[in-house]
Amino acid sequence: MLSAIDRAQTLAIREDFPILKRQVHGKPLVYLDSGASSQKPAAVLEAMERYYRTSHANVNRGVYVLSEEATEAMEQARLKVARFIKAKSARQIIFTRNTTEAINLVAYSWGSANIRADDTILLTEMEHHANLVPWQLLAGRTGARLEFVPVTPEGRLDQAGYTRLLEQTRPKLVAFTAMSNVLGTITPAKQMIAQAHAAGALVLLDGAQSVPHLPTDVQDLDCDFLVFSGHKMLGPTGIGVLYGRRELLEAMPPFLAGGDMIREVHLRSATWNSLPYKFEAGTPAIAESVGLGAAVDYLTALGMDAVHEHERALVSYALERLGAVEGLTIYGPGAIERGGVVSFTLGDIHAHDLAQVLDSEGICVRAGHHCAQPLMEKLDVPATARASFYIYNLPEEVDALAQALEQAKTIFAL
Amino acid sequence: MQDYYREVILDHYRHPRNAGVLDPADIHTADSNPLCGDKVELFLRFDTDGRVSAVSFTGRGCAISQASASLLTEMIEGKTPEELKQLGKDDILDALGLENISPARMKCAMLSMRVLHHALGDDDWFRLEDEE
């Protein structure tokens, strides 16, 4: 299990991440919160800085060389992202600010044109607020209904419940996460998408946790929309992606309006630009797209299968090591069905107090409801602590976490 | 690096003072931090001189929020509403034995103080707090 971790390679990877040399409270930084945001390799930082130092101009497809270079830099990044998820065309890659904005785009643009009163949108009980609240607003605006696939006590989606709900509610859209940010559960996305299509529904897949950690092939998955964020996959903040089926995107009205997304503008009317620009109003996050392109290069060089294997080995080790800490409760399924995310509680110690003690040892974990309050309610815990792993984490960081948890037990006299 | 979990906090967390429901109570308010699920409910009774004659609290949440509430109840007894309104952020921090506190935990520490000021109809208190 631990043999799957190539220690030499992981150490070499760590050298690429300047921030990992930091100390916190006099202790080495143990960063276990990549699920919230990942750290950045020097290659990403350098790509962005190089862009600003040598090639920056606005991307209005201007006539002068700098503008051409800037446009080229961004379109190169777009193409890299398309290849990374095996999209047929870069025109299907729309740059947004993040996953949340991408979902809002679909909810407004596709939703307003396609959802009517008494239509059903099928979600799940384990969704992040970003894949929940925009649909609540859409339902409120249109009179549509929301239904939810239940979560089982083991932290899986209730597949029998899913089948039943598809049949009974005949939803227009199914939206669910490819990997839970709380439980780490990897959902059977391809199968669920096929079922949804057979029942006449479109599917939006939330890839915020999965795209950075698992190989992604949108043609194989056959999802209608896929959303994810750059900052969770070694890229900068401020850039995310909406992938959509060509015909769907062509038919959708714009989301934000203004410059760049138009073709002709008169005083009282305008026509829209072609894909993807129809959905990219105003000056885009050009340097950020370049950073995302560099992040894609870095991950591609490692190979997403290798990334996944590394995390699988780490999370197996973590489940075993943390499972041995008396009084610790781990939420979610076993290692096989799980990405590199482990949520836990320790006795009756509040998650915030736990995270505070871990912080004093230089260990970064997230504590709270992880933007999934309905899931917390279903699990019947007010908050959990969450450790999430990525390519730069080592087994001894799991050991450090386990030791710090024992310390917390002593402090709180558990 | 300061040690958050010193004796006074753990003591008040494990053995909260004035814990429980006061019935009857002249004032009874509650508030919570939705972000972390901390909740504090405060009960006050005044005597004929207008001073606090009895105080209690119930709650659930992290050590900082619950210890602060317990420490606050010890400060409250015998005071008039005017004197209570004078209580502020530094009184809680002094009682907790912390010089300062990260913004994330400040909300936990100030929860009970917010409840107190809201009970006194002094809602401006926590608006100022946000601006700081």
# chains A, B, ... in the order shown; residues from 1 in each chain; ligands from 1

$ residues_around --residues "segment 410-414 of chain A" --least-positions-apart "3" --cutoff "10 Å" --atoms "only C-alpha atoms" --output "list in words"
Glu326, Gly327, Leu346, Gly347, Asp348, Ile349, Asp353, Leu354, Val357, Ala404, Leu405, Glu406 and Gln407 of chain A; Tyr5, Arg6, Glu7, Leu10, Asp11, Tyr13, Arg14 and Ala63 of chain B

$ residues_around --residues "His128 of chain A" --least-positions-apart "4" --cutoff "9 Å" --atoms "only C-alpha atoms" --output "NGL selection string"
:A and (132-133 or 177 or 180-182 or 370-375)

$ select_by_dssp --residues "segment 40-132 of chain A" --states "strand (DSSP E or B)" --output "ChimeraX atom specification"
/A:93-96,120-124

$ closest_residue --among "A:Ala198, A:Leu275, A:Met74, A:Ala82" --to "Ser55 of chain A" --atoms "only C-alpha atoms"
A:Met74

$ residues_around --residues "segment 97-113 of chain B" --least-positions-apart "5" --cutoff "10 Å" --atoms "only C-alpha atoms" --output "short mmCIF file (atom, residue, chain, number, x, y, z; two decimals) with C-alpha atoms, in the first residue's frame"
data_model
loop_
_atom_site.label_atom_id
_atom_site.label_comp_id
_atom_site.auth_asym_id
_atom_site.auth_seq_id
_atom_site.Cartn_x
_atom_site.Cartn_y
_atom_site.Cartn_z
CA HIS A 352 -12.46 24.16 15.73
CA ASP A 353 -10.60 23.40 18.94
CA GLN A 356 -6.50 24.99 16.65
CA GLN B 2 0.33 31.72 22.60
CA ASP B 3 -1.30 28.71 24.07
CA TYR B 4 -5.04 28.93 23.57
CA TYR B 5 -5.94 26.05 25.76
CA ARG B 6 -4.62 27.18 29.06
CA GLU B 7 -6.09 26.09 32.34
CA VAL B 8 -8.73 28.80 32.66
CA ILE B 9 -10.31 27.96 29.29
CA ALA B 30 -29.69 33.43 22.26
CA ASP B 31 -27.37 33.63 19.30
CA SER B 32 -25.15 31.34 17.29
CA ASN B 33 -22.21 31.28 14.91
CA LEU B 35 -20.16 28.94 10.54
CA CYS B 36 -19.10 26.64 13.35
CA GLY B 37 -22.31 25.74 15.15
CA ASP B 38 -21.46 27.54 18.43
CA LYS B 39 -24.57 28.54 20.34
CA VAL B 40 -25.04 30.53 23.54
CA GLU B 41 -28.28 31.28 25.41
CA LEU B 42 -28.19 33.82 28.25
CA PHE B 57 -26.32 30.30 30.33
CA GLY B 59 -24.87 26.46 25.06
CA GLY B 61 -19.83 24.62 20.82
CA CYS B 62 -16.10 25.05 20.90
CA ALA B 63 -14.07 25.53 24.06
CA ILE B 64 -13.48 29.23 23.36
CA SER B 65 -17.15 30.09 22.93
CA GLN B 66 -18.36 28.14 25.94
CA ALA B 67 -15.54 29.19 28.27
CA SER B 68 -16.15 32.84 27.31
CA ALA B 69 -19.82 32.47 28.17
CA SER B 70 -19.01 30.94 31.54
CA LEU B 71 -16.46 33.67 32.32
CA LEU B 72 -18.92 36.34 31.21
CA THR B 73 -21.58 35.15 33.63
CA LEU B 84 -23.12 45.80 31.59
CA LYS B 85 -23.07 47.92 28.45
CA LEU B 87 -18.30 45.41 29.08
CA GLY B 88 -16.38 44.81 25.89
CA LYS B 89 -13.95 42.76 23.88
CA ASP B 90 -10.98 43.32 26.20
CA ASP B 91 -12.88 42.10 29.24
CA ILE B 92 -13.40 38.76 27.55
CA HIS B 118 -28.37 42.14 22.14
CA ALA B 119 -30.28 41.30 25.34
CA TRP B 125 -22.08 47.07 19.89
CA PHE B 126 -21.40 44.27 17.47
CA GLU B 129 -17.00 45.15 16.34
CA ASP B 130 -17.28 44.23 12.66
#

$ select_by_dssp --residues "segment 29-105 of chain B" --states "helix (DSSP H, G or I)" --output "tab-separated table (two decimals) with C-alpha atoms, in the first residue's frame"
chain	number	residue	atom	x	y	z
B	63	ALA	CA	-14.07	25.53	24.06
B	64	ILE	CA	-13.48	29.23	23.36
B	65	SER	CA	-17.15	30.09	22.93
B	66	GLN	CA	-18.36	28.14	25.94
B	67	ALA	CA	-15.54	29.19	28.27
B	68	SER	CA	-16.15	32.84	27.31
B	69	ALA	CA	-19.82	32.47	28.17
B	70	SER	CA	-19.01	30.94	31.54
B	71	LEU	CA	-16.46	33.67	32.32
B	72	LEU	CA	-18.92	36.34	31.21
B	73	THR	CA	-21.58	35.15	33.63
B	74	GLU	CA	-19.08	35.63	36.47
B	75	MET	CA	-18.56	39.26	35.41
B	76	ILE	CA	-22.25	40.02	35.13
B	81	PRO	CA	-27.58	47.50	32.67
B	82	GLU	CA	-25.42	50.63	32.21
B	83	GLU	CA	-22.43	48.87	33.74
B	84	LEU	CA	-23.12	45.80	31.59
B	85	LYS	CA	-23.07	47.92	28.45
B	86	GLN	CA	-19.52	49.00	29.37
B	89	LYS	CA	-13.95	42.76	23.88
B	90	ASP	CA	-10.98	43.32	26.20
B	91	ASP	CA	-12.88	42.10	29.24
B	92	ILE	CA	-13.40	38.76	27.55
B	93	LEU	CA	-9.83	38.54	26.29
B	94	ASP	CA	-8.49	39.37	29.76
B	95	ALA	CA	-10.69	36.72	31.34
B	96	LEU	CA	-9.58	34.16	28.74
B	103	PRO	CA	-10.12	36.69	13.54
B	104	ALA	CA	-11.55	33.23	13.01
B	105	ARG	CA	-11.71	32.52	16.77

$ atom_distance --atom1 "atom CA of Thr58 of chain B" --atom2 "atom CA of Gly20 of chain B"
5.4 Å

$ atom_distance --atom1 "atom CA of Glu49 of chain A" --atom2 "atom CA of Asp260 of chain A"
24.5 Å

$ closest_atom_pairs --of "chain A" --to "chain B" --cutoff "6 Å" --atoms "only C-alpha atoms" --output "tab-separated table"
residue	atom	partner	partner_atom	distance
A:His350	CA	B:Cys62	CA	5.0
A:Gly368	CA	B:Cys36	CA	5.3
A:Pro382	CA	B:Gly37	CA	5.7

$ write_last_selection --atoms "C-alpha atoms" --output "short mmCIF file (atom, residue, chain, number, x, y, z; two decimals), in the first residue's frame"
data_model
loop_
_atom_site.label_atom_id
_atom_site.label_comp_id
_atom_site.auth_asym_id
_atom_site.auth_seq_id
_atom_site.Cartn_x
_atom_site.Cartn_y
_atom_site.Cartn_z
CA HIS A 350 -15.18 20.58 18.87
CA GLY A 368 -16.43 23.31 10.15
CA PRO A 382 -22.20 20.18 13.83
#

$ atom_distance --atom1 "atom CA of Ala70 of chain A" --atom2 "atom CA of Thr237 of chain A"
19.2 Å
